[in-house]
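Q: Next up is a structure, given as structure tokens.
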Amino acid sequence: MALVLKTDIERGDSWHRAFRALLPELELRDWRAPGAPEDIEFALVWAPEQGALAKFPNLKAIFSIGAGIDHLASDPDLPPGVPIVRMVEPGLTAGMVEFVVMSALYHHRFMLDYAVQQREKVWREIEQIPTFRRRVGILGLGVLGSACAEKLCDFGFQVAGWSRRPKSQVGVESFHDADGLTAFLKRSDILVCLLPLTDETEGILNAETLGALPHGAAFISVGRGKHVVETDLLSALDSGQIGGATLDVFREEPLPPDSPFWSHPRIVVVPHIASMTIAETAAEAVAQNIRRVQAGQPPEHIVDLDRGY
Ligand code: NAP
Ligand code: GLV
């Protein structure tokens with residue numbers, strides 16, 4: 001039983017160690033030298049070249065190394081009928097919860113303003129707002145969004161989520177569908193984007209939707225860069241409609257040196273690190289799914305390519 005792995009060289013060793021402990025019978029083949037293509041039954045990949053997966057005739061499942069599968073869905077030559085499985089694993093979820101909570105607290109506690117004051121040697125208190133008066137809105141209440149919502153509720157924030165279908169998560173106000181979007185935005189002082197990138201969600205954060213937020217709202221962008229119309233975000237920041245933003249994902253990555261985001265005083269830029277798949281915990285999730293497939297069952301967390309996530 002062979003799995004072809006496409007990851008960066010630094011992380012390859014962790015995957016090898018983890019799979020050796022969990023599924024010693026699984027042979028790991030390197031993407032650059034996979035050997036006979038017909039041996040390969042599973043692929044664990046991030047951003048494979050278009051058409052490359054179609055070269056393995058006996059694939060039983062394609063595992064995305066990340067939660068997002070836009071890097072796969074954009075391939076017009078995916079092997080037909082082979083399930084694509086998104087990454088759901090506790091390490092990735094924990095990392096996203098840490099990042100979103102940290103960023104929400106950063107904006108909530110006016111840290112952007114204090115950073116400016118420090119540079120200018122200004123000693124000035126800004127009136128503290130209790131979390132119970134701050135409304136956080138999470139676009140996308142799936143695996144990651146709902147885990148972030150739960151932790152933000154623990155801090156006492158007023159939390160709401162927006163999804164395609166209505167949700168019933170304790171303490172989280174649910175908005176759904178296009179009809180619920182404006183009402184959701186109007187009540188979000190801190191907006192977090194944790195949507196998948198699909199035809200429906202591309203460009204969803206634009207002049208109109210950013211304009212529906214309360215004046216001075218904060219924006220935390222951790223879904224995908226293409227959710228955001230970047231020129232509209234800049235205009236909203238410059239007018240004060242958006243008071244501050246933490247941006248982890250961008251239309252073009254790495255962010256080009258001439259991007260105005262780098263030096264904007266109301267923006268925190270980080271290089272797509274909000275969360276990372278942790279090989280030790282993720283290999284367990286992949287191994288469980290391989291065992292399911294070997295037992296004739298469908299893997300868990302199959303992507304619906306028509307829906308786009
Ligand atoms: P998920 O479990 O599939 O959740 C997706 C959520 O988005 C669901 O609640 C879904 O609604 C909602 N949604 C999708 N399309 C929608 C639409 N058109 N209108 C309203 N709601 C819509 O995905 P996940 O595991 O939480 O991951 C979410 C995304 O996070 C990934 O796709 C990836 O892009 C991003 N991500 C980023 C990083 C990073 O480091 N920056 C790391 C991991 C993931 P339903 O529940 O009704 O289906
Ligand atoms: C990272 O961006 C992921 O999709 O897991």
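Identifiers in this document derive from the order of the structure tokens: chains are assigned A, B, ..., residues are numbered from 1 separately in each chain, and ligands are numbered from 1 in order of occurrence.
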Could you give me, as CSV, every region 215-257 of chain A residue with an atom at most 12 Å from region 57-76 of chain A, plus its closest atom pair and distance in Å to one decimal, counting only C-alpha atoms, rows ordered by chain then number?
A:
```
residue,atom,partner,partner_atom,distance
A:Val222,CA,A:Gly68,CA,11.2
A:Gly223,CA,A:Gly68,CA,8.4
A:Arg224,CA,A:Gly68,CA,8.6
A:Gly225,CA,A:Asp70,CA,11.6
A:Lys226,CA,A:Asp70,CA,10.7
```
Q: Would you write out those residues with N, CA and C atoms, as a PDB file, in the first residue's frame?
A:
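What follows is the written file result-v2.pdb:
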```
ATOM      1  N   VAL A 222      -8.693  35.240   7.680  1.00  0.00           N
ATOM      2  CA  VAL A 222      -7.932  33.992   7.810  1.00  0.00           C
ATOM      3  C   VAL A 222      -8.496  32.883   6.912  1.00  0.00           C
ATOM      4  N   GLY A 223      -9.444  33.264   6.005  1.00  0.00           N
ATOM      5  CA  GLY A 223      -9.989  32.253   5.086  1.00  0.00           C
ATOM      6  C   GLY A 223      -9.052  32.119   3.895  1.00  0.00           C
ATOM      7  N   ARG A 224      -9.343  32.910   2.870  1.00  0.00           N
ATOM      8  CA  ARG A 224      -8.477  32.975   1.696  1.00  0.00           C
ATOM      9  C   ARG A 224      -8.430  34.426   1.201  1.00  0.00           C
ATOM     10  N   GLY A 225      -7.308  34.806   0.590  1.00  0.00           N
ATOM     11  CA  GLY A 225      -7.140  36.171   0.111  1.00  0.00           C
ATOM     12  C   GLY A 225      -8.205  36.578  -0.891  1.00  0.00           C
ATOM     13  N   LYS A 226      -8.643  35.620  -1.722  1.00  0.00           N
ATOM     14  CA  LYS A 226      -9.609  35.982  -2.768  1.00  0.00           C
ATOM     15  C   LYS A 226     -11.010  36.256  -2.227  1.00  0.00           C
TER      16      LYS A 226
END
```
Q: For Lys151 (chain A), please output as a tab-separated table (two decimals) with C-alpha atoms, in the first residue's frame all residues within 10 Å (counting only C-alpha atoms; exclusion window: fewer than 5 positions along the same chain).
A:
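Ended up saving to result_20.tsv:
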```tsv
chain	number	residue	atom	x	y	z
A	97	VAL	CA	-8.52	29.00	17.67
A	98	GLU	CA	-5.32	30.46	19.15
A	100	VAL	CA	-8.41	34.06	16.00
A	101	VAL	CA	-8.78	34.55	19.76
A	146	SER	CA	-17.40	26.87	15.37
A	156	GLY	CA	-17.76	36.62	27.14
A	157	PHE	CA	-18.00	38.14	23.65
A	159	VAL	CA	-20.71	35.78	19.13
```
Q: Return as CSV the residues of region 197-251 of chain A lying at most 12 Å from region 161-184 of chain A, together with the closest atom-to-atom pair for each and the distance in Å to one decimal, counting only C-alpha atoms, with rows in chain order and ascending residue number.
A:
```
residue,atom,partner,partner_atom,distance
A:Glu200,CA,A:Ala178,CA,10.1
A:Thr201,CA,A:Ala178,CA,10.7
A:Ile204,CA,A:Leu181,CA,10.3
A:Leu205,CA,A:Leu181,CA,11.2
A:Glu208,CA,A:Thr182,CA,9.6
A:Thr209,CA,A:Thr182,CA,7.4
A:Leu210,CA,A:Thr182,CA,10.0
A:Gly211,CA,A:Thr182,CA,9.9
A:Ala212,CA,A:Thr182,CA,6.5
A:Leu213,CA,A:Thr182,CA,8.4
A:Pro214,CA,A:Phe184,CA,10.7
```
Q: How about saving the chosen residues, N, CA, C and O atoms kept, as a PDB file, in the first residue's frame?
A:
```
ATOM      1  N   GLU A 200     -19.065  31.057  -4.936  1.00  0.00           N
ATOM      2  CA  GLU A 200     -20.017  31.924  -4.221  1.00  0.00           C
ATOM      3  C   GLU A 200     -19.338  32.874  -3.247  1.00  0.00           C
ATOM      4  O   GLU A 200     -19.862  33.943  -2.952  1.00  0.00           O
ATOM      5  N   THR A 201     -18.188  32.479  -2.703  1.00  0.00           N
ATOM      6  CA  THR A 201     -17.581  33.310  -1.649  1.00  0.00           C
ATOM      7  C   THR A 201     -16.452  34.203  -2.156  1.00  0.00           C
ATOM      8  O   THR A 201     -16.014  35.094  -1.433  1.00  0.00           O
ATOM      9  N   ILE A 204     -16.421  38.155  -1.565  1.00  0.00           N
ATOM     10  CA  ILE A 204     -17.583  38.429  -0.686  1.00  0.00           C
ATOM     11  C   ILE A 204     -17.331  39.644   0.209  1.00  0.00           C
ATOM     12  O   ILE A 204     -18.267  40.313   0.637  1.00  0.00           O
ATOM     13  N   LEU A 205     -16.062  39.951   0.462  1.00  0.00           N
ATOM     14  CA  LEU A 205     -15.760  41.128   1.286  1.00  0.00           C
ATOM     15  C   LEU A 205     -15.354  42.266   0.370  1.00  0.00           C
ATOM     16  O   LEU A 205     -14.216  42.340  -0.116  1.00  0.00           O
ATOM     17  N   GLU A 208     -19.488  46.965  -0.532  1.00  0.00           N
ATOM     18  CA  GLU A 208     -20.854  46.892   0.008  1.00  0.00           C
ATOM     19  C   GLU A 208     -20.899  46.160   1.352  1.00  0.00           C
ATOM     20  O   GLU A 208     -21.484  46.652   2.330  1.00  0.00           O
ATOM     21  N   THR A 209     -20.245  44.987   1.412  1.00  0.00           N
ATOM     22  CA  THR A 209     -20.322  44.204   2.652  1.00  0.00           C
ATOM     23  C   THR A 209     -19.483  44.853   3.760  1.00  0.00           C
ATOM     24  O   THR A 209     -19.914  44.902   4.919  1.00  0.00           O
ATOM     25  N   LEU A 210     -18.311  45.375   3.412  1.00  0.00           N
ATOM     26  CA  LEU A 210     -17.509  46.054   4.442  1.00  0.00           C
ATOM     27  C   LEU A 210     -18.260  47.297   4.930  1.00  0.00           C
ATOM     28  O   LEU A 210     -18.197  47.658   6.115  1.00  0.00           O
ATOM     29  N   GLY A 211     -18.988  47.910   4.020  1.00  0.00           N
ATOM     30  CA  GLY A 211     -19.756  49.107   4.369  1.00  0.00           C
ATOM     31  C   GLY A 211     -20.944  48.801   5.273  1.00  0.00           C
ATOM     32  O   GLY A 211     -21.479  49.708   5.926  1.00  0.00           O
ATOM     33  N   ALA A 212     -21.373  47.549   5.311  1.00  0.00           N
ATOM     34  CA  ALA A 212     -22.514  47.181   6.174  1.00  0.00           C
ATOM     35  C   ALA A 212     -22.088  46.972   7.628  1.00  0.00           C
ATOM     36  O   ALA A 212     -22.933  46.891   8.520  1.00  0.00           O
ATOM     37  N   LEU A 213     -20.766  46.865   7.875  1.00  0.00           N
ATOM     38  CA  LEU A 213     -20.291  46.665   9.255  1.00  0.00           C
ATOM     39  C   LEU A 213     -20.469  47.955  10.048  1.00  0.00           C
ATOM     40  O   LEU A 213     -20.518  49.054   9.461  1.00  0.00           O
ATOM     41  N   PRO A 214     -20.495  47.881  11.371  1.00  0.00           N
ATOM     42  CA  PRO A 214     -20.515  49.120  12.168  1.00  0.00           C
ATOM     43  C   PRO A 214     -19.249  49.933  11.863  1.00  0.00           C
ATOM     44  O   PRO A 214     -18.187  49.346  11.621  1.00  0.00           O
TER      45      PRO A 214
END
```
Q: Taking the DSSP secondary structure from the backbone, can you list the residues of region 18-187 of chain A that are strand (DSSP E or B), as a PDB file with N, CA and C atoms, in the first residue's frame?
A:
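Wrote it out as out.pdb, contents follow:
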```
ATOM      1  N   GLU A  27       3.603   2.548   2.653  1.00  0.00           N
ATOM      2  CA  GLU A  27       4.875   2.983   2.064  1.00  0.00           C
ATOM      3  C   GLU A  27       4.719   4.434   1.622  1.00  0.00           C
ATOM      4  N   LEU A  28       5.577   5.322   2.107  1.00  0.00           N
ATOM      5  CA  LEU A  28       5.484   6.735   1.709  1.00  0.00           C
ATOM      6  C   LEU A  28       6.403   6.985   0.524  1.00  0.00           C
ATOM      7  N   ARG A  29       5.845   7.523  -0.554  1.00  0.00           N
ATOM      8  CA  ARG A  29       6.652   7.822  -1.742  1.00  0.00           C
ATOM      9  C   ARG A  29       6.714   9.331  -1.904  1.00  0.00           C
ATOM     10  N   ASP A  30       7.872   9.801  -2.318  1.00  0.00           N
ATOM     11  CA  ASP A  30       8.060  11.232  -2.499  1.00  0.00           C
ATOM     12  C   ASP A  30       7.436  11.677  -3.824  1.00  0.00           C
ATOM     13  N   ALA A  33       9.645  11.652  -6.888  1.00  0.00           N
ATOM     14  CA  ALA A  33      10.109  10.362  -7.411  1.00  0.00           C
ATOM     15  C   ALA A  33       9.173   9.276  -6.889  1.00  0.00           C
ATOM     16  N   ILE A  40       0.443   3.581  -6.517  1.00  0.00           N
ATOM     17  CA  ILE A  40      -0.027   4.629  -5.585  1.00  0.00           C
ATOM     18  C   ILE A  40      -1.541   4.514  -5.365  1.00  0.00           C
ATOM     19  N   GLU A  41      -1.947   4.299  -4.098  1.00  0.00           N
ATOM     20  CA  GLU A  41      -3.385   4.209  -3.789  1.00  0.00           C
ATOM     21  C   GLU A  41      -3.900   5.478  -3.108  1.00  0.00           C
ATOM     22  N   PHE A  42      -2.985   6.221  -2.472  1.00  0.00           N
ATOM     23  CA  PHE A  42      -3.410   7.423  -1.745  1.00  0.00           C
ATOM     24  C   PHE A  42      -2.450   8.566  -2.048  1.00  0.00           C
ATOM     25  N   ALA A  43      -3.000   9.780  -2.044  1.00  0.00           N
ATOM     26  CA  ALA A  43      -2.157  10.972  -2.226  1.00  0.00           C
ATOM     27  C   ALA A  43      -2.451  11.909  -1.063  1.00  0.00           C
ATOM     28  N   LEU A  44      -1.391  12.466  -0.503  1.00  0.00           N
ATOM     29  CA  LEU A  44      -1.518  13.466   0.581  1.00  0.00           C
ATOM     30  C   LEU A  44      -0.743  14.676   0.084  1.00  0.00           C
ATOM     31  N   VAL A  45      -1.476  15.719  -0.298  1.00  0.00           N
ATOM     32  CA  VAL A  45      -0.827  16.762  -1.104  1.00  0.00           C
ATOM     33  C   VAL A  45      -1.247  18.167  -0.709  1.00  0.00           C
ATOM     34  N   ALA A  61      -8.088   7.628  -2.768  1.00  0.00           N
ATOM     35  CA  ALA A  61      -8.486   8.878  -2.087  1.00  0.00           C
ATOM     36  C   ALA A  61      -7.360   9.891  -2.216  1.00  0.00           C
ATOM     37  N   ILE A  62      -7.770  11.164  -2.294  1.00  0.00           N
ATOM     38  CA  ILE A  62      -6.800  12.269  -2.314  1.00  0.00           C
ATOM     39  C   ILE A  62      -7.027  13.059  -1.033  1.00  0.00           C
ATOM     40  N   PHE A  63      -6.004  13.149  -0.199  1.00  0.00           N
ATOM     41  CA  PHE A  63      -6.105  13.894   1.055  1.00  0.00           C
ATOM     42  C   PHE A  63      -5.437  15.254   0.881  1.00  0.00           C
ATOM     43  N   SER A  64      -6.181  16.303   1.213  1.00  0.00           N
ATOM     44  CA  SER A  64      -5.597  17.650   1.202  1.00  0.00           C
ATOM     45  C   SER A  64      -4.826  17.836   2.500  1.00  0.00           C
ATOM     46  N   ILE A  84     -12.077  13.438  -2.714  1.00  0.00           N
ATOM     47  CA  ILE A  84     -11.117  14.413  -2.179  1.00  0.00           C
ATOM     48  C   ILE A  84     -11.518  14.668  -0.734  1.00  0.00           C
ATOM     49  N   VAL A  85     -10.546  14.575   0.152  1.00  0.00           N
ATOM     50  CA  VAL A  85     -10.822  14.654   1.584  1.00  0.00           C
ATOM     51  C   VAL A  85     -10.117  15.884   2.134  1.00  0.00           C
ATOM     52  N   ARG A 135     -19.282  42.656  19.876  1.00  0.00           N
ATOM     53  CA  ARG A 135     -19.947  41.632  19.065  1.00  0.00           C
ATOM     54  C   ARG A 135     -18.973  41.088  18.022  1.00  0.00           C
ATOM     55  N   VAL A 136     -18.689  39.795  18.095  1.00  0.00           N
ATOM     56  CA  VAL A 136     -17.801  39.169  17.105  1.00  0.00           C
ATOM     57  C   VAL A 136     -18.670  38.382  16.118  1.00  0.00           C
ATOM     58  N   GLY A 137     -18.368  38.495  14.853  1.00  0.00           N
ATOM     59  CA  GLY A 137     -19.104  37.754  13.826  1.00  0.00           C
ATOM     60  C   GLY A 137     -18.139  36.879  13.035  1.00  0.00           C
ATOM     61  N   ILE A 138     -18.507  35.624  12.874  1.00  0.00           N
ATOM     62  CA  ILE A 138     -17.624  34.688  12.160  1.00  0.00           C
ATOM     63  C   ILE A 138     -18.306  34.236  10.875  1.00  0.00           C
ATOM     64  N   LEU A 139     -17.706  34.589   9.761  1.00  0.00           N
ATOM     65  CA  LEU A 139     -18.197  34.127   8.458  1.00  0.00           C
ATOM     66  C   LEU A 139     -17.693  32.707   8.273  1.00  0.00           C
ATOM     67  N   GLN A 158     -20.110  38.647  22.559  1.00  0.00           N
ATOM     68  CA  GLN A 158     -21.379  38.292  21.909  1.00  0.00           C
ATOM     69  C   GLN A 158     -21.009  37.727  20.544  1.00  0.00           C
ATOM     70  N   VAL A 159     -21.222  36.444  20.331  1.00  0.00           N
ATOM     71  CA  VAL A 159     -20.714  35.779  19.128  1.00  0.00           C
ATOM     72  C   VAL A 159     -21.862  35.370  18.210  1.00  0.00           C
ATOM     73  N   ALA A 160     -21.670  35.628  16.911  1.00  0.00           N
ATOM     74  CA  ALA A 160     -22.621  35.150  15.901  1.00  0.00           C
ATOM     75  C   ALA A 160     -21.839  34.519  14.757  1.00  0.00           C
ATOM     76  N   GLY A 161     -22.508  33.672  14.014  1.00  0.00           N
ATOM     77  CA  GLY A 161     -21.859  33.041  12.866  1.00  0.00           C
ATOM     78  C   GLY A 161     -22.763  33.100  11.659  1.00  0.00           C
ATOM     79  N   TRP A 162     -22.154  33.058  10.495  1.00  0.00           N
ATOM     80  CA  TRP A 162     -22.916  33.033   9.236  1.00  0.00           C
ATOM     81  C   TRP A 162     -22.508  31.800   8.455  1.00  0.00           C
ATOM     82  N   SER A 163     -23.497  31.052   8.007  1.00  0.00           N
ATOM     83  CA  SER A 163     -23.220  29.817   7.272  1.00  0.00           C
ATOM     84  C   SER A 163     -24.289  29.639   6.200  1.00  0.00           C
ATOM     85  N   VAL A 172     -24.223  30.959  20.421  1.00  0.00           N
ATOM     86  CA  VAL A 172     -23.817  31.598  19.157  1.00  0.00           C
ATOM     87  C   VAL A 172     -25.066  31.900  18.331  1.00  0.00           C
ATOM     88  N   GLU A 173     -25.253  33.178  18.023  1.00  0.00           N
ATOM     89  CA  GLU A 173     -26.413  33.552  17.202  1.00  0.00           C
ATOM     90  C   GLU A 173     -26.152  33.118  15.763  1.00  0.00           C
ATOM     91  N   SER A 174     -27.150  32.479  15.169  1.00  0.00           N
ATOM     92  CA  SER A 174     -26.947  31.928  13.826  1.00  0.00           C
ATOM     93  C   SER A 174     -27.638  32.785  12.767  1.00  0.00           C
ATOM     94  N   PHE A 175     -26.874  33.141  11.745  1.00  0.00           N
ATOM     95  CA  PHE A 175     -27.418  33.808  10.552  1.00  0.00           C
ATOM     96  C   PHE A 175     -27.067  32.904   9.385  1.00  0.00           C
ATOM     97  N   HIS A 176     -27.901  32.874   8.376  1.00  0.00           N
ATOM     98  CA  HIS A 176     -27.529  32.006   7.263  1.00  0.00           C
ATOM     99  C   HIS A 176     -28.012  32.573   5.938  1.00  0.00           C
TER     100      HIS A 176
END
```
Q: Grab the atom 40 (O, counted along the ligand's line) of ligand 1 to CA of Glu280 (chain A) distance for me, in Å with one decimal place.
A: 17.3 Å
